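The block underneath contains the structure these notes are about, expressed in C-alpha cells.
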Amino acid sequence: MPSTQPAGAQQAHAPLSLDDPREIGGYRVHARLGSGGMGVVYLASTPGGRPIAVKVVREDFAADPEFRRRFAQEVASARLIHGLFTAQVVDHGVDDAVPWLATAYVPGPSLQQVVERHGPLPARTVLLLVAGTAEALQAVHAAGVVHRDLKPANVLVAEDGPRVIDFGIARAADATGLTGTGLRIGTAAYMAPEQALGLPVTSATDVFALGALAAYVAGGVLPFGTGPESAALYRVVHEPADLSHVPGELRALVGWCLAKRPEDRPTPAELIAAVHAHPAVGPSPEFAEGWLPGAVRQEIAGRGAGTAASHASHASHASHASQAPGPSGPSPSPAQPSYEQPTRAATPAPVRLPTPRVPEAPAGPGAAPVPGASAVPSDGGARATPPRTPRR
C-alpha cells in the first residue's frame with residue numbers, strides 16, 4: 001500500500017515492544033515517542049480520543065524517595081504553567097509505583113530533528129522561534145520554575161509556533177543521589193556558566209540556553225563545540241561562544257543571550273521586544289503561513305495525519321474486535337499497528353538592540369559588532385547596568 005506520509009517525511013512514532021505498557025493511568029498507549037535520561041515518552045489517548053504524551057520516569061528514579069518528593073513538587077508547579085507556547089500538563093501519577101506525567105501532544109518534530117533533517121533555519125524563522133520560546137519562558141518563570149534543560153530536543157515545532165516541554169522536571173532528578181552515578185541533568189552544550197559551576201540557577205540561566213539553542217538552529221553548529229562534556233563545560237565557563245556560523249544579522253542578539261554574567265543577559269520580555277524590532281522580522285511578527293520552510297511544514301502536516309490515522313486504526317480494530325464472535329475469557333492482545341516514522345540570504349544591516357546594556361562581544365571571524373558597544377576594561381572593570389526588575 002502506498003504511504004500516506006508526505007515525501008521525505010520521517011518516522012514520528014515507534015511501535016510498542018513487548019515490555020512497553022498498553023495502559024498508563026487509564027490512558028491507552030499507542031506508540032513510543034522517544035526516550036531520554038529520565039524515562040520514556042509514549043503517545044496515548046484520553047477516553048474521548050484526544051492524543052496526549054505520557055512520560056514515564058525511570059524505575060531507578062521511581063525507587064528514590066527524594067526524587068519522588070521533588071517530582072511531586074515540580075509537577076504541582078508545572079500544572080500552574082499556562083503559556084500558549086508550552087505543552088500543557090493535563091494529568092499525572094506522582095503516587096503511582098512508577099510516576100508519570102501527561103501533557104498535551106504536539107504533532108511536530110523537535111528543533112533538534114528539524115536541524116538534523118533540514119539544516120539551519122532562515123533568520124526570520126529563528127527570530128520567531130526565539131520570541132515564542134521566550135514567551136514560553138515567561139510563563140514558566142511566572143510559575144516559579146526554572147527549566148534547567150532548555151535545548152533543541154525540548155522545543156517542539158507546531159504549525160503555529162514552538163512548544164517548550166519538560167519544564168522544571170529536571171530539578172527533581174538533579175536533587176537525588178542518582179545524578180552522581182554518571183547521569184548529568186542538563187546538557188553541557190546549552191548550560192549557562194553558573195549552572196556548569198554548580199551555582200544557583202535563575203531565569204537568566206534559561207535565557208543563556210535559549211541563546212545557545214538559537215545559535216545551533218541558525219548555524220547548525222553548537223556554539224561551544226563538540227567533544228567530551230568536560231571540554232564543552234570548560235568552554236562555556238571560560239571561552240566566548242563561536243558564532244561564526246550564525247548569520248551576521250543574528251549575532252548581536254544571540255551574543256546578548258550568551259553573556260557570561262547572568263545580569264548581562266536580557267530578560268525574556270527584553271528578548272521579545274528585540275525580536276519584534278529586528279528588521280528581518282518585518283511589520284508582522286506572527287506565526288502566519290510561511291513562517292516555516294516548506295519542507296518543515298510538510299513534515300508537521302505528515303505527523304498530524306499519521307496521528308489521526310493511528311487513532312482511527314485503533315478505533316476500527318477495537319470496533320471489529322467487539323463485534324467478532326469468539327470464546328469467552330480474555331481476548332488476545334491485538335497486534336500493534338505499524339507506525340510509519342514519517343521518513344542564507346544576504347546579510348542586512350546589524351540589528352540595534354533596545355537596551356543600553358552591553359552584551360559580550362560575539363566570537364568568530366566576521367562577527368557583527370553590537371551597536372553602541374564599548375570596550376570592556378581588560379582588568380574586568382564593572383560595566384554600567386541600568387536598574388532591572390529583580391529575577392526570580
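Naming works like this for the C-alpha cells: A, B, ... for the chains as they're shown, residue 1 at the start of each chain, ligands 1 onward in shown order.
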
To test your reading of the structure, identify every residue in segment 108-255 of chain A that backbone DSSP assigns to strand (DSSP E), and report it as an NGL selection string.
:A and (155-158 or 161-164)

Would you list the contacts of segment 215-229 of chain A as a PyMOL selection string, taking every protein, DNA or RNA residue within 9 Å and counting only C-alpha atoms, but skipping same-chain residues closer than 3 positions in sequence?
chain A and resi 111-112+114-116+119-123+125-126+152+187-190+210-212+232-236+239-247+250-251+254-255

Env of Gly93 of chain A: 10 Å cut, atoms = only C-alpha atoms, seq-sep filter 6 positions within chain, self excluded. Answer as a PyMOL selection string.
chain A and resi 24-25+56+72+75+99-102

Could you write those residues out with C-alpha atoms, as an mmCIF file, in the first residue's frame?
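Everything below was put into again-v6.cif:
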```
data_model
loop_
_atom_site.group_PDB
_atom_site.id
_atom_site.type_symbol
_atom_site.label_atom_id
_atom_site.label_comp_id
_atom_site.auth_asym_id
_atom_site.auth_seq_id
_atom_site.Cartn_x
_atom_site.Cartn_y
_atom_site.Cartn_z
ATOM 1 C CA ILE A 24 -0.982 4.196 31.866
ATOM 2 C CA GLY A 25 -3.258 5.868 34.390
ATOM 3 C CA VAL A 56 7.088 7.559 32.472
ATOM 4 C CA ALA A 72 5.583 15.782 43.034
ATOM 5 C CA VAL A 75 4.613 18.580 38.753
ATOM 6 C CA PRO A 99 5.467 8.054 38.385
ATOM 7 C CA TRP A 100 4.270 9.551 35.107
ATOM 8 C CA LEU A 101 3.263 12.899 33.658
ATOM 9 C CA ALA A 102 0.812 13.551 30.804
#
```

Quick one: pick out all alpha helix (DSSP H) residues within segment 59-272 of chain A from a backbone DSSP run and write them as a ChimeraX atom specification.
/A:59-62,65-78,111-118,123-142,170-174,193-196,203-219,229-238,248-257,268-272

Distance in Å - atom CA of Phe287 of chain A versus atom CA of Arg265 of chain A:
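Separation of atom CA of Phe287 of chain A and atom CA of Arg265 of chain A: 25.4 Å.
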